[in-house]
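**Student:** Supplied structure: work.cif, mmCIF, C-alpha atoms.
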```
data_final
loop_
_atom_site.label_atom_id
_atom_site.label_comp_id
_atom_site.auth_asym_id
_atom_site.auth_seq_id
_atom_site.Cartn_x
_atom_site.Cartn_y
_atom_site.Cartn_z
CA MET A 1 -46.91 19.09 -37.33
CA PRO A 2 -43.43 20.56 -37.94
CA ARG A 3 -42.59 21.53 -41.48
CA SER A 4 -39.39 20.10 -42.97
CA ARG A 5 -37.06 21.70 -45.48
CA PHE A 6 -38.80 19.58 -48.14
CA TYR A 7 -42.05 21.42 -47.47
CA SER A 8 -40.91 24.69 -48.98
CA ASN A 9 -39.20 22.94 -51.89
CA ALA A 10 -42.24 20.83 -52.67
CA ARG A 11 -44.83 23.57 -52.18
CA LEU A 12 -45.98 23.85 -55.73
CA GLU A 13 -47.91 26.49 -57.54
CA ARG A 14 -51.34 26.28 -56.01
CA GLY A 15 -54.00 25.28 -58.44
CA ALA A 16 -51.66 24.49 -61.34
CA GLY A 17 -53.18 21.48 -63.03
CA MET A 18 -55.27 20.52 -59.98
CA LYS A 19 -58.96 20.43 -59.28
CA THR A 20 -59.87 21.76 -55.87
CA THR A 21 -61.71 19.73 -53.27
CA SER A 22 -64.84 21.36 -51.93
CA GLY A 23 -65.47 21.93 -48.24
CA ALA A 24 -63.37 22.97 -45.28
CA ALA A 25 -60.98 20.04 -45.70
CA ALA A 26 -59.70 21.52 -48.96
CA ASN A 27 -57.89 24.35 -47.20
CA THR A 28 -56.02 22.43 -44.52
CA PRO A 29 -52.23 22.01 -44.64
CA LEU A 30 -52.71 18.24 -44.78
CA MET A 31 -54.90 18.47 -47.87
CA GLN A 32 -52.48 20.90 -49.50
CA ASP A 33 -49.77 18.30 -48.92
CA TRP A 34 -51.91 15.68 -50.66
CA ARG A 35 -52.57 18.01 -53.59
CA ASP A 36 -48.82 18.71 -53.79
CA ILE A 37 -48.14 14.96 -53.74
CA THR A 38 -50.59 14.50 -56.61
CA LEU A 39 -49.05 17.33 -58.61
CA LEU A 40 -45.53 16.00 -57.99
CA SER A 41 -46.75 12.60 -59.20
CA GLU A 42 -48.07 14.18 -62.41
CA ARG A 43 -44.78 15.97 -62.96
CA MET A 44 -42.82 12.79 -62.25
CA LEU A 45 -44.80 11.01 -64.96
CA GLU A 46 -44.06 13.84 -67.39
CA ALA A 47 -40.37 13.70 -66.50
CA ALA A 48 -40.26 9.93 -67.03
CA ARG A 49 -42.03 10.20 -70.39
CA GLY A 50 -39.50 12.85 -71.40
CA GLY A 51 -36.51 10.87 -70.16
CA ASN A 52 -35.61 13.52 -67.56
CA TRP A 53 -34.34 11.03 -64.97
CA SER A 54 -32.53 13.47 -62.68
CA ALA A 55 -35.69 15.57 -62.27
CA LEU A 56 -37.72 12.41 -61.69
CA PHE A 57 -35.43 11.24 -58.87
CA ASP A 58 -35.34 14.70 -57.28
CA MET A 59 -39.13 14.91 -57.29
CA GLU A 60 -39.42 11.38 -55.89
CA SER A 61 -37.35 12.29 -52.84
CA ARG A 62 -39.50 15.38 -52.21
CA ARG A 63 -42.70 13.40 -52.73
CA THR A 64 -41.54 10.68 -50.33
CA ALA A 65 -40.98 13.29 -47.61
CA LEU A 66 -44.45 14.76 -48.19
CA ILE A 67 -46.08 11.32 -48.08
CA ALA A 68 -44.28 10.49 -44.84
CA ARG A 69 -45.60 13.69 -43.30
CA ALA A 70 -49.16 13.29 -44.63
CA MET A 71 -49.62 9.63 -43.73
CA PRO A 72 -49.48 9.61 -39.91
CA ASP A 73 -52.94 11.15 -39.40
CA PRO A 74 -55.27 10.83 -42.37
CA GLN A 75 -58.27 10.57 -39.96
CA GLY A 76 -58.77 14.34 -40.01
CA GLN A 77 -60.11 14.38 -43.59
CA PRO A 78 -60.26 10.73 -44.72
CA GLU A 79 -62.60 11.23 -47.68
CA ALA A 80 -60.70 14.16 -49.14
CA ALA A 81 -57.34 12.47 -48.55
CA MET A 82 -58.58 9.31 -50.28
CA VAL A 83 -59.45 11.28 -53.42
CA GLU A 84 -55.85 12.51 -53.69
CA LEU A 85 -54.43 9.12 -52.72
CA ARG A 86 -56.38 7.43 -55.53
CA LYS A 87 -54.98 9.95 -58.01
CA VAL A 88 -51.44 9.31 -56.75
CA LEU A 89 -51.89 5.55 -57.05
CA ALA A 90 -53.19 5.88 -60.62
CA LEU A 91 -50.25 8.12 -61.54
CA ASN A 92 -47.83 5.66 -59.95
CA GLY A 93 -49.28 2.89 -62.11
CA GLN A 94 -48.67 4.96 -65.24
CA LEU A 95 -45.18 5.90 -64.02
CA LEU A 96 -44.32 2.24 -63.48
CA GLN A 97 -45.45 1.44 -67.04
CA VAL A 98 -43.17 4.14 -68.46
CA LEU A 99 -40.26 2.91 -66.33
CA GLN A 100 -40.84 -0.72 -67.38
CA GLN A 101 -40.86 0.33 -71.04
CA GLN A 102 -37.63 2.26 -70.53
CA GLN A 103 -36.08 -0.71 -68.74
CA ALA A 104 -36.99 -3.01 -71.63
CA SER A 105 -35.57 -0.51 -74.11
CA CYS A 106 -32.31 -0.23 -72.16
CA GLY A 107 -32.13 -4.01 -71.91
CA ALA A 108 -32.51 -4.33 -75.67
CA GLU A 109 -29.74 -1.77 -76.22
CA LEU A 110 -27.43 -3.57 -73.81
CA GLU A 111 -28.12 -6.84 -75.59
CA LYS A 112 -27.10 -5.23 -78.90
CA PHE A 113 -23.83 -4.14 -77.30
CA GLY A 114 -23.29 -7.68 -76.07
CA HIS A 115 -23.80 -9.10 -79.57
CA GLY A 116 -21.44 -6.51 -81.02
CA ARG A 117 -18.80 -7.23 -78.40
CA ARG A 118 -19.01 -10.97 -79.06
CA ALA A 119 -18.76 -10.38 -82.82
CA LEU A 120 -15.64 -8.26 -82.32
CA GLU A 121 -14.13 -10.92 -80.08
CA HIS A 122 -14.74 -13.61 -82.72
CA TYR A 123 -13.44 -11.35 -85.48
CA GLY A 124 -10.28 -10.70 -83.45
CA LYS A 125 -9.70 -14.42 -82.93
CA HIS A 126 -9.87 -15.06 -86.67
CA GLN A 127 -7.46 -12.22 -87.44
CA GLN A 128 -4.62 -13.63 -85.34
#
```
Can you turn what I pasted into structure tokens?
**Tutor:**
Amino acid sequence: MPRSRFYSNARLERGAGMKTTSGAAANTPLMQDWRDITLLSERMLEAARGGNWSALFDMESRRTALIARAMPDPQGQPEAAMVELRKVLALNGQLLQVLQQQQASCGAELEKFGHGRRALEHYGKHQQ
């Protein structure tokens, strides 16, 4: 499988915050991709919780490229790949919760601006 430019950018510190999978499947490039995808997902969640949106979007593009490369042939190590895929799905669920909370917060702020704008408009009409 050819390696893309995203591979070197997304190759993360091995072992940082990850549990290793036992057996021969743990050392294959495919399984390293899945561990990198999991680690990127963890870092994306941290970035979202910290409001670091530019880092979140950068990591998402790298993660998408890794997923596209890892998905075509999961038959080689299906059990080991499923362990990492379950972790990624759980992290995505948490990430979506953080993003939904942020969306609600931004919506509330925008609504405040709308009320303030309308108040200023009414105030201006009464001043004329």
**Student:** Between A:His115, A:Leu91, A:Thr28, A:Ile67, which residue has the minimum interatomic distance to A:Met44, considering all atoms listed in the file?
**Tutor:** A:Leu91
**Student:** Please write the residues picked by the PyMOL selection byres ((chain A and resi 85) around 12) on this file as a PyMOL selection string.
**Tutor:** chain A and resi 31+33-39+41+67+70-71+74+77-84+86-92
**Student:** Between atom CA of A:Leu30 and atom CA of A:Arg69, what is the distance in Å, rounded to a tenth?
**Tutor:**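 Taking atom CA of A:Leu30 and atom CA of A:Arg69, their separation equals 8.6 Å.
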**Student:** Using atom CA of A:Asn27 and atom CA of A:Arg43 as the two end points, give the distance in Å to one decimal.
**Tutor:**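 Atom CA of A:Asn27 sits 22.1 Å away from atom CA of A:Arg43.
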**Student:** What separation in Å, quoted to one decimal, exists between atom CA of A:Phe57 and atom CA of A:Cys106?
**Tutor:**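 Atom-to-atom, atom CA of A:Phe57 to atom CA of A:Cys106, that is 17.8 Å.
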**Student:** Convert the output of the PyMOL selection byres ((chain A and resi 47) around 12) on the shown file into explicit residues, formatted as a list in words.
**Tutor:**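 Taken over the shown coordinates, the PyMOL selection byres ((chain A and resi 47) around 12) returns Leu40, Ser41, Glu42, Arg43, Met44, Leu45, Glu46, Ala48, Arg49, Gly50, Gly51, Asn52, Trp53, Ser54, Ala55, Leu56, Phe57, Asp58, Met59, Glu60, Leu95, Val98 and Leu99 of chain A.
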**Student:** Store the residues picked out above, limited to C-alpha atoms, as a PDB file, keeping the file's coordinate frame.
**Tutor:**
```pdb
ATOM      1  CA  LEU A  40     -45.530  16.000 -57.990  1.00  0.00           C
ATOM      2  CA  SER A  41     -46.750  12.600 -59.200  1.00  0.00           C
ATOM      3  CA  GLU A  42     -48.070  14.180 -62.410  1.00  0.00           C
ATOM      4  CA  ARG A  43     -44.780  15.970 -62.960  1.00  0.00           C
ATOM      5  CA  MET A  44     -42.820  12.790 -62.250  1.00  0.00           C
ATOM      6  CA  LEU A  45     -44.800  11.010 -64.960  1.00  0.00           C
ATOM      7  CA  GLU A  46     -44.060  13.840 -67.390  1.00  0.00           C
ATOM      8  CA  ALA A  48     -40.260   9.930 -67.030  1.00  0.00           C
ATOM      9  CA  ARG A  49     -42.030  10.200 -70.390  1.00  0.00           C
ATOM     10  CA  GLY A  50     -39.500  12.850 -71.400  1.00  0.00           C
ATOM     11  CA  GLY A  51     -36.510  10.870 -70.160  1.00  0.00           C
ATOM     12  CA  ASN A  52     -35.610  13.520 -67.560  1.00  0.00           C
ATOM     13  CA  TRP A  53     -34.340  11.030 -64.970  1.00  0.00           C
ATOM     14  CA  SER A  54     -32.530  13.470 -62.680  1.00  0.00           C
ATOM     15  CA  ALA A  55     -35.690  15.570 -62.270  1.00  0.00           C
ATOM     16  CA  LEU A  56     -37.720  12.410 -61.690  1.00  0.00           C
ATOM     17  CA  PHE A  57     -35.430  11.240 -58.870  1.00  0.00           C
ATOM     18  CA  ASP A  58     -35.340  14.700 -57.280  1.00  0.00           C
ATOM     19  CA  MET A  59     -39.130  14.910 -57.290  1.00  0.00           C
ATOM     20  CA  GLU A  60     -39.420  11.380 -55.890  1.00  0.00           C
ATOM     21  CA  LEU A  95     -45.180   5.900 -64.020  1.00  0.00           C
ATOM     22  CA  VAL A  98     -43.170   4.140 -68.460  1.00  0.00           C
ATOM     23  CA  LEU A  99     -40.260   2.910 -66.330  1.00  0.00           C
TER      24      LEU A  99
END
```
